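Peer 1: Would you mind keeping the following structure in view while I ask a few things?
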Amino acid sequence: MKLSVLTSLALPFLTSSAVSPSDDLPTLTVHIVPHTHDDVGWLKTVDQYFYGANNTIQHANVQMILSTLIPALEYDESRKFTYVEQAFFSRWWNEQNDKMKSRVKKLVSNGQLSFVNGGWCMHDEAATHYYGMIDQTTLGHTFLSETFDFTPTVGWQIDPFGHSSTQASLLSAEAGFDALYFGRIDYQDLELRRDEQRVEGIWRASAASKDKSEVFWGLSGSYGGNYGPPSGFCFDNFCSDEPMMDDPDLEDYNVDGKVADFVSAAYEQANQARGTHIMMTMGSDFQYENSEVWFRNLDSVVKNVNEYAAEGKIQSDPYNRFGTVKLIYSNPEIYTLAKNKDDLEWEVKTDDFFPYSDCENCFWTGYFTSRAELKKWERTGSAFLQTARQFEALDSVTPSANLKSTFDSPIHKLDAAVGVVQHHDGVSGTAKQHVAFDYAKRIDIGFKMAADYVTTVLGNLLKSKSPDSTPPTFSVCQDLNVSTCELTQSVDFASGDKLIVGVYNSLSHARTELVGVPVMTEGEYAVFDGKDEVEIETSLVPNAFPLGDSAAPYTLYFQASDLHPMGMKFYSIKSKGEAKKEKKEPVAMATSTTRRSLRGKEENLKVETSKFTVEFDPSGRLLSVGDKKVSQSWGYYTSFDSSRAELGATPQPQGDYLAWTPGVPGTCLPGYLDAEGDEERWLKDSDGQNSGAYIFRPSKRNEDLTELAPTAGKVSVVETELVTEVTAEFGDWVKQITRVSKDADYVEIEWTVGPVPTDDNIGKEIVTRFETDIKNDGVFYTDSNGREFLERKLNYRPTWDMEVFQPIAGNYYPVNAAIYIEDETSSISLLNDRTQGGASLHDGEVEIMVQRRLVADDSRGVGEPLDETTGGVTPYPPYGEAERVGEGVVIKGKHRIVVGEGNDGAKIARKQMDAMFSPAVPLFATAASKDTVSLDGFTAMGGSALPEQLAMITLAKIHGSDNVFMVRLAHQYGVGEDKELSAPVKVDLGDVLPFGMEMEKWEETTLTGNQGRKEWEEKRLKWKGENEGRGETGRDKDDGNVIQINPMEIRTFKIKVKGEDGWGVAKTE
């Protein structure tokens, strides 16, 4: 969702007499920052935005913004412009001739054209995982470094809907940024900060590194909740504000009034801030398509305000803080330097800016879950990208082995696609339906290209280890999550053909994982570990809830034990005997072999493993894990719809739209630009606020969850030595398999939801809830983008006394990896496979929202209900009516439930988070019965095993640099989360390289690798913060090649290695 300009703040037209500049009061310097905000997909696809297509939905043409910008900047060297999204800029750049490229480079080198953030997009901060955030930022920074030798120094997150602590500590401070600017914070928080001159400060978001990862932060958009110009000064082609008519001979000459209005706005804004500098963001969504129009008017504003000020013709400051004003063309870097030179002591913030609300009933907590399947697909693509990077690092044979640029890489398509989807209207789930399809298509194309490359490199690696043999050709199956794989389902086991499975572990630690292989027949199977030498245990389980006609009727499970770190083990699967075609039905609970241990007809089911006993009630609902109560239920909230008075909705009032006024209930923050560029209000007041793609609002503020009762007679149990599956159904459209695996220290719940019915014309927000005996006293913890856990308190905000209007929606937070509650005796953690919204609304309970299907729009600009259907949507007006086709979609997903002792919530979650993000990757090949296939397992990890709390989260080849690799090492535990694993850890960099690589030299860099860490530390701006909290980093304790990494720290290195002989992988079998 994009905002345009600051709504009217009732700025007074000051009529006090004009005065000469005061010698006693300082000058207010106003930094005029021209910029555009170009969404990498939202109402139109990224391609449509770039080329200006599909303008019946929204007028926007990025290539014309950039093409008209260059001559406008060249016209006057005092003009400056700030750009962000490299997905657009790199595309435009690649279409330019050498002459234009030379002109652009000159503008960059002289500071007229600058880049902030510098990522592939402006990523979301609630629905993203730190892997995706790092990757897309690195991709953009790489382009800027390769093309212009440019290094961004300022973060610019002006449009995301709330702001995470990880964005501040990791994606700002560790990325080499001195400051971070953004537009949206909660309206209650915003009102208080404006009143108390606290619209800027120091953000010390990491409890681990404290001031070592702090960043200066500030609000954009004249502190009005967005990122546009002050009211009356939008000069874009599609704005309706009056231009500067500065010819005195004109009948409509308006300079006197315009200057007075601008100075009034400047004084008003300055009175809400500290220091002698303010920044005015002059631009908004897709503006500057005719750049000269903007600059012609800005030139006049700057010239005339400065002339009036020099002549003493401006009004005095009503707040008596400044003697006069001075306007300068500027950019966020220049502004940051100016704020630093003010040498003030700033308030220190340590929490985050979630959740975001713009009025009483308007909590932007629905998008934490919106478009659940796209969120999962993004996570899948991001995880596979890490695997592909590792294989690329090991590639010394293919034509891609010695590329000069990362943009020529065979995995770039996936890198760029995942990068685009990190956008704050991408993975957030807040784009139009056809745009969501486009995002998914991009990942699909990139995934297939990366998978083909991975299998090619794998074949070369296997060939290099066994030159006299021809390895089988492997392939990757994208649809294993829905039990579909064309290759495994087509093997003719009855004729003796074999299936070869290579299981790759992208993590830097060994692990054991249950692998599921879709198969078509019921026959007995034998799985052999390694070179057909050892038969291992298997389980054949019927597919209880097949999704789609192509889903296999059975899943063959085997346990891939001790998978090598960044390595692969191989298995072969054969038929033991005649395969039967018919599908065997699951054993009904009443006749289950497990049932023999039960007493009485209605007794509970108990499943015992080496780790714990898991108990279910007769309907298949989870009751306990070990000695801990874990009682699960499913249900939904009905979605607020202002047209449904019978649901408790207040009819939307008629009359004029209300502008946001600080302190006035029922008014909302600014609107957005419609297709014609006119500013539109969101809604008439907050009582009429619907639940939509962005907003979560139950029909009643204290609505009870409508529970879905288990369906009688639908429970079944399949018990084997390796895995036990308990299936259950809730209502007509929620099904789940609770999977208890041998030796696993978690319980896995695989759920299938949909189609969510809306034939009653009522939207529904689907929730699963877990009830325990834990006395958490309203306190729960959620992760920040997969990194540090933050404490959450019911109906509480750390930095202001919150007035509660929505006790359900206002207590939802983004859950990227895990949510937990704990007390002195017990803990429970829930881990998810994609971002979802979650909360603990009652003591001892954790709930998480898994799906949303709505019938109303929430008036935040996307212009359609969040209603995903199997047939998509018909064309948009004027070519169609944008009607949904088919029934509601069905989605599948997984949660892992882990229980522990008192105050162990973070500890037990940490042990699962990496494996949940990056599941082992099975690759498949076939072999005829006559073929002998002998494959050695391998690992890419050389030297000693990494300490348990340390992970190599990146191993990547740096293209264009001979024998240089990027290595990121991350401490995966926070301060105090584990008595042993939360301690700092040391490692020799020479021991972390892939097998056969010998380190020649190394350099530490900032997070994205675009500058040396030492170089940045020397030029990094120092800020004065109240209540100084001194931290330290591992680099304070480095000793030669032995480096230290502290809790939650990520350190990035460029490591040059010697030669290429012997690179690759080590045999392990």
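In the structure tokens, chains take the letters A, B, ... in the order shown, each chain's residues start at 1, and ligands count up from 1 in the order shown.
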Please list as a list in words every residue within 9 Å of Ser483 of chain A, counting only C-alpha atoms and excluding residues in the same chain fewer than 6 positions away.
Peer 2: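 That gives Gly516, Val517, Pro518, Val519, Asn543, Pro546, Leu547, Ser550, Ala551, Ala552, Pro553, Tyr554 and Thr555 of chain A.
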Peer 1: Next, dump the selected residues to file, keeping only N, CA and C atoms, as a PDB file, in the first residue's frame.
Peer 2:
```
ATOM      1  N   GLY A 516      10.438 -38.098   2.717  1.00  0.00           N
ATOM      2  CA  GLY A 516       9.249 -38.712   2.144  1.00  0.00           C
ATOM      3  C   GLY A 516       9.335 -38.751   0.631  1.00  0.00           C
ATOM      4  N   VAL A 517       9.069 -39.918   0.044  1.00  0.00           N
ATOM      5  CA  VAL A 517       9.139 -40.106  -1.409  1.00  0.00           C
ATOM      6  C   VAL A 517       7.755 -40.506  -1.923  1.00  0.00           C
ATOM      7  N   PRO A 518       7.151 -39.719  -2.803  1.00  0.00           N
ATOM      8  CA  PRO A 518       5.846 -40.101  -3.357  1.00  0.00           C
ATOM      9  C   PRO A 518       5.965 -41.336  -4.248  1.00  0.00           C
ATOM     10  N   VAL A 519       5.170 -42.355  -3.989  1.00  0.00           N
ATOM     11  CA  VAL A 519       5.163 -43.561  -4.818  1.00  0.00           C
ATOM     12  C   VAL A 519       3.720 -43.952  -5.114  1.00  0.00           C
ATOM     13  N   ASN A 543      -1.411 -41.698   1.622  1.00  0.00           N
ATOM     14  CA  ASN A 543      -1.584 -40.258   1.604  1.00  0.00           C
ATOM     15  C   ASN A 543      -3.021 -39.948   2.009  1.00  0.00           C
ATOM     16  N   PRO A 546      -4.785 -36.326  -0.181  1.00  0.00           N
ATOM     17  CA  PRO A 546      -4.116 -35.934  -1.433  1.00  0.00           C
ATOM     18  C   PRO A 546      -4.647 -34.591  -1.927  1.00  0.00           C
ATOM     19  N   LEU A 547      -3.746 -33.773  -2.402  1.00  0.00           N
ATOM     20  CA  LEU A 547      -4.117 -32.452  -2.905  1.00  0.00           C
ATOM     21  C   LEU A 547      -3.821 -32.400  -4.399  1.00  0.00           C
ATOM     22  N   SER A 550      -2.732 -35.194  -9.301  1.00  0.00           N
ATOM     23  CA  SER A 550      -1.437 -35.823  -9.547  1.00  0.00           C
ATOM     24  C   SER A 550      -0.752 -36.301  -8.275  1.00  0.00           C
ATOM     25  N   ALA A 551      -1.364 -36.095  -7.123  1.00  0.00           N
ATOM     26  CA  ALA A 551      -0.736 -36.513  -5.867  1.00  0.00           C
ATOM     27  C   ALA A 551      -0.626 -38.034  -5.802  1.00  0.00           C
ATOM     28  N   ALA A 552       0.506 -38.509  -5.299  1.00  0.00           N
ATOM     29  CA  ALA A 552       0.725 -39.947  -5.160  1.00  0.00           C
ATOM     30  C   ALA A 552      -0.156 -40.501  -4.040  1.00  0.00           C
ATOM     31  N   PRO A 553      -0.600 -41.728  -4.172  1.00  0.00           N
ATOM     32  CA  PRO A 553      -1.440 -42.313  -3.116  1.00  0.00           C
ATOM     33  C   PRO A 553      -0.658 -42.740  -1.881  1.00  0.00           C
ATOM     34  N   TYR A 554       0.675 -42.847  -2.006  1.00  0.00           N
ATOM     35  CA  TYR A 554       1.488 -43.303  -0.878  1.00  0.00           C
ATOM     36  C   TYR A 554       2.732 -42.437  -0.739  1.00  0.00           C
ATOM     37  N   THR A 555       3.219 -42.404   0.475  1.00  0.00           N
ATOM     38  CA  THR A 555       4.526 -41.803   0.741  1.00  0.00           C
ATOM     39  C   THR A 555       5.401 -42.842   1.403  1.00  0.00           C
TER      40      THR A 555
END
```
Peer 1: Can you pull out the residues contacting segment 811-820 of chain A? Cut-off 9 Å, using only C-alpha atoms, and skip same-chain residues under 4 positions away; I want them as JSON, numbers by chain.
Peer 2: {"A": [126, 127, 128, 129, 354, 355, 363, 365, 366, 367, 368, 369, 780, 781, 782, 783, 784, 785, 786, 787, 789, 792, 793, 794, 795, 796, 806, 807, 827, 828, 829, 830, 831, 832, 833, 834, 835, 836, 837, 838, 839, 840, 841, 846, 848, 905, 906, 909, 910, 913, 916, 917]}
Peer 1: Just N, CA and C atoms for this one: save the residues we selected as a short mmCIF file (atom, residue, chain, number, x, y, z; two decimals), in the first residue's frame.
Peer 2:
```cif
data_model
loop_
_atom_site.label_atom_id
_atom_site.label_comp_id
_atom_site.auth_asym_id
_atom_site.auth_seq_id
_atom_site.Cartn_x
_atom_site.Cartn_y
_atom_site.Cartn_z
N ALA A 126 7.95 -7.31 8.07
CA ALA A 126 7.17 -8.22 8.92
C ALA A 126 7.14 -9.63 8.36
N ALA A 127 7.00 -9.76 7.05
CA ALA A 127 6.80 -11.08 6.44
C ALA A 127 8.08 -11.68 5.88
N THR A 128 9.21 -11.02 6.08
CA THR A 128 10.48 -11.48 5.50
C THR A 128 11.33 -12.22 6.53
N HIS A 129 12.14 -13.11 6.03
CA HIS A 129 13.15 -13.81 6.83
C HIS A 129 14.50 -13.16 6.57
N PHE A 354 6.29 -2.62 15.82
CA PHE A 354 5.16 -3.49 15.49
C PHE A 354 4.24 -3.61 16.70
N PRO A 355 2.94 -3.84 16.44
CA PRO A 355 2.28 -3.74 15.14
C PRO A 355 1.96 -2.29 14.80
N PHE A 363 -5.59 -2.03 12.61
CA PHE A 363 -4.30 -2.68 12.84
C PHE A 363 -3.87 -3.45 11.60
N THR A 365 -2.26 -6.01 10.84
CA THR A 365 -1.74 -7.29 11.30
C THR A 365 -2.28 -8.46 10.47
N GLY A 366 -3.17 -8.16 9.53
CA GLY A 366 -3.67 -9.22 8.66
C GLY A 366 -2.64 -9.67 7.66
N TYR A 367 -1.82 -8.73 7.17
CA TYR A 367 -0.85 -9.10 6.11
C TYR A 367 0.25 -10.00 6.62
N PHE A 368 0.34 -10.18 7.93
CA PHE A 368 1.30 -11.16 8.45
C PHE A 368 0.98 -12.56 7.90
N THR A 369 -0.29 -12.79 7.53
CA THR A 369 -0.72 -14.10 7.05
C THR A 369 -1.19 -14.08 5.60
N PHE A 780 4.55 -13.15 25.88
CA PHE A 780 4.97 -14.15 24.91
C PHE A 780 6.11 -13.57 24.08
N TYR A 781 6.71 -14.41 23.25
CA TYR A 781 7.91 -14.01 22.52
C TYR A 781 7.76 -14.41 21.05
N THR A 782 8.13 -13.47 20.18
CA THR A 782 8.16 -13.77 18.75
C THR A 782 9.53 -13.39 18.20
N ASP A 783 9.93 -14.07 17.15
CA ASP A 783 11.22 -13.78 16.54
C ASP A 783 11.12 -12.55 15.66
N SER A 784 12.23 -11.90 15.44
CA SER A 784 12.32 -10.77 14.52
C SER A 784 13.04 -11.24 13.27
N ASN A 785 12.26 -11.55 12.23
CA ASN A 785 12.82 -11.98 10.94
C ASN A 785 13.74 -13.18 11.07
N GLY A 786 13.47 -14.05 12.04
CA GLY A 786 14.27 -15.25 12.23
C GLY A 786 15.51 -15.04 13.07
N ARG A 787 15.70 -13.84 13.62
CA ARG A 787 16.89 -13.57 14.44
C ARG A 787 16.52 -13.47 15.92
N PHE A 789 14.72 -12.89 19.50
CA PHE A 789 13.36 -12.94 20.03
C PHE A 789 13.06 -11.66 20.79
N ARG A 792 6.85 -9.77 24.07
CA ARG A 792 5.58 -9.11 23.80
C ARG A 792 4.71 -9.22 25.05
N LYS A 793 3.97 -8.16 25.34
CA LYS A 793 3.05 -8.16 26.47
C LYS A 793 1.66 -7.78 25.99
N LEU A 794 0.68 -8.47 26.50
CA LEU A 794 -0.70 -8.23 26.10
C LEU A 794 -1.11 -6.79 26.42
N ASN A 795 -1.66 -6.13 25.40
CA ASN A 795 -2.18 -4.76 25.54
C ASN A 795 -1.12 -3.79 26.07
N TYR A 796 0.09 -3.90 25.54
CA TYR A 796 1.19 -3.10 26.08
C TYR A 796 2.15 -2.73 24.95
N GLN A 806 -8.60 -2.57 19.86
CA GLN A 806 -8.77 -3.88 19.24
C GLN A 806 -7.93 -4.90 20.01
N PRO A 807 -8.50 -5.52 21.04
CA PRO A 807 -7.70 -6.41 21.91
C PRO A 807 -7.25 -7.70 21.25
N SER A 827 7.83 -24.77 29.02
CA SER A 827 7.93 -23.92 27.83
C SER A 827 7.31 -24.66 26.66
N ILE A 828 6.75 -23.90 25.74
CA ILE A 828 6.30 -24.45 24.47
C ILE A 828 6.66 -23.48 23.35
N SER A 829 7.22 -24.02 22.29
CA SER A 829 7.56 -23.23 21.10
C SER A 829 6.83 -23.81 19.90
N LEU A 830 6.28 -22.93 19.08
CA LEU A 830 5.67 -23.32 17.82
C LEU A 830 6.52 -22.74 16.70
N LEU A 831 6.97 -23.59 15.79
CA LEU A 831 7.75 -23.16 14.64
C LEU A 831 6.91 -23.30 13.38
N ASN A 832 7.06 -22.35 12.45
CA ASN A 832 6.25 -22.38 11.23
C ASN A 832 7.13 -22.40 10.00
N ASP A 833 6.52 -22.75 8.87
CA ASP A 833 7.28 -22.89 7.62
C ASP A 833 7.14 -21.68 6.72
N ARG A 834 6.50 -20.62 7.20
CA ARG A 834 6.32 -19.35 6.48
C ARG A 834 5.90 -18.33 7.52
N THR A 835 5.92 -17.08 7.17
CA THR A 835 5.49 -16.05 8.11
C THR A 835 3.98 -16.11 8.31
N GLN A 836 3.58 -15.97 9.57
CA GLN A 836 2.17 -15.93 9.94
C GLN A 836 2.00 -14.96 11.10
N GLY A 837 0.77 -14.55 11.36
CA GLY A 837 0.49 -13.74 12.52
C GLY A 837 0.21 -14.62 13.72
N GLY A 838 0.67 -14.18 14.90
CA GLY A 838 0.47 -14.99 16.08
C GLY A 838 0.33 -14.15 17.33
N ALA A 839 -0.18 -14.79 18.40
CA ALA A 839 -0.41 -14.06 19.64
C ALA A 839 -0.59 -15.05 20.78
N SER A 840 -0.60 -14.51 21.99
CA SER A 840 -1.04 -15.24 23.18
C SER A 840 -2.06 -14.35 23.85
N LEU A 841 -3.33 -14.58 23.53
CA LEU A 841 -4.40 -13.70 23.99
C LEU A 841 -4.93 -14.08 25.37
N VAL A 846 -1.25 -20.21 22.91
CA VAL A 846 -0.59 -19.66 21.73
C VAL A 846 -1.51 -19.89 20.54
N ILE A 848 -2.04 -19.05 16.21
CA ILE A 848 -1.37 -18.59 15.00
C ILE A 848 -2.36 -18.66 13.85
N GLY A 905 12.03 -21.58 26.33
CA GLY A 905 11.32 -21.38 25.08
C GLY A 905 12.22 -21.05 23.92
N ALA A 906 13.15 -20.11 24.11
CA ALA A 906 14.06 -19.74 23.02
C ALA A 906 15.01 -20.88 22.70
N ALA A 909 13.38 -23.61 20.66
CA ALA A 909 13.07 -23.14 19.31
C ALA A 909 14.32 -23.07 18.46
N ARG A 910 15.42 -22.58 19.04
CA ARG A 910 16.66 -22.41 18.27
C ARG A 910 17.12 -23.72 17.64
N MET A 913 15.06 -24.05 14.30
CA MET A 913 14.80 -22.95 13.36
C MET A 913 15.53 -23.10 12.04
N MET A 916 14.03 -25.92 9.98
CA MET A 916 12.70 -25.58 9.49
C MET A 916 12.80 -24.66 8.28
N PHE A 917 13.76 -23.74 8.30
CA PHE A 917 13.93 -22.85 7.16
C PHE A 917 14.50 -23.59 5.95
#
```
Peer 1: Considering only C-alpha atoms, tabulate each residue of segment 1002-1063 of chain A that lies at most 12 Å from segment 208-221 of chain A along with its nearest interatomic pair and the corresponding distance in Å to one decimal; arrange the rows by chain and ascending residue number and present them as a Markdown table.
Peer 2:
```
| residue | atom | partner | partner_atom | distance |
| --- | --- | --- | --- | --- |
| A:Thr1006 | CA | A:Ser213 | CA | 11.7 |
| A:Leu1007 | CA | A:Ser213 | CA | 11.8 |
| A:Glu1017 | CA | A:Lys212 | CA | 10.2 |
| A:Arg1020 | CA | A:Val215 | CA | 10.3 |
| A:Leu1021 | CA | A:Val215 | CA | 9.3 |
| A:Lys1022 | CA | A:Val215 | CA | 9.4 |
| A:Trp1023 | CA | A:Phe216 | CA | 7.5 |
| A:Lys1024 | CA | A:Phe216 | CA | 9.8 |
| A:Gly1025 | CA | A:Asp211 | CA | 8.8 |
| A:Glu1026 | CA | A:Asp211 | CA | 11.0 |
| A:Asn1027 | CA | A:Asp211 | CA | 10.5 |
| A:Glu1028 | CA | A:Asp211 | CA | 7.5 |
| A:Gly1029 | CA | A:Lys210 | CA | 6.0 |
| A:Arg1030 | CA | A:Asp211 | CA | 5.6 |
| A:Gly1031 | CA | A:Ser209 | CA | 5.0 |
| A:Glu1032 | CA | A:Ser209 | CA | 5.9 |
| A:Thr1033 | CA | A:Ser209 | CA | 6.4 |
| A:Gly1034 | CA | A:Ser209 | CA | 9.5 |
| A:Arg1035 | CA | A:Lys212 | CA | 11.1 |
| A:Asp1036 | CA | A:Lys212 | CA | 11.1 |
| A:Ile1045 | CA | A:Ser209 | CA | 10.9 |
| A:Asn1046 | CA | A:Ala208 | CA | 7.8 |
| A:Pro1047 | CA | A:Ala208 | CA | 6.1 |
| A:Met1048 | CA | A:Ala208 | CA | 6.5 |
| A:Glu1049 | CA | A:Ser209 | CA | 7.6 |
| A:Ile1050 | CA | A:Ser209 | CA | 10.8 |
```
Peer 1: Considering only C-alpha atoms, can you say which of A:Gln48, A:Val855, A:Lys775, A:Pro878 comes closest to His434 of chain A?
Peer 2: A:Gln48
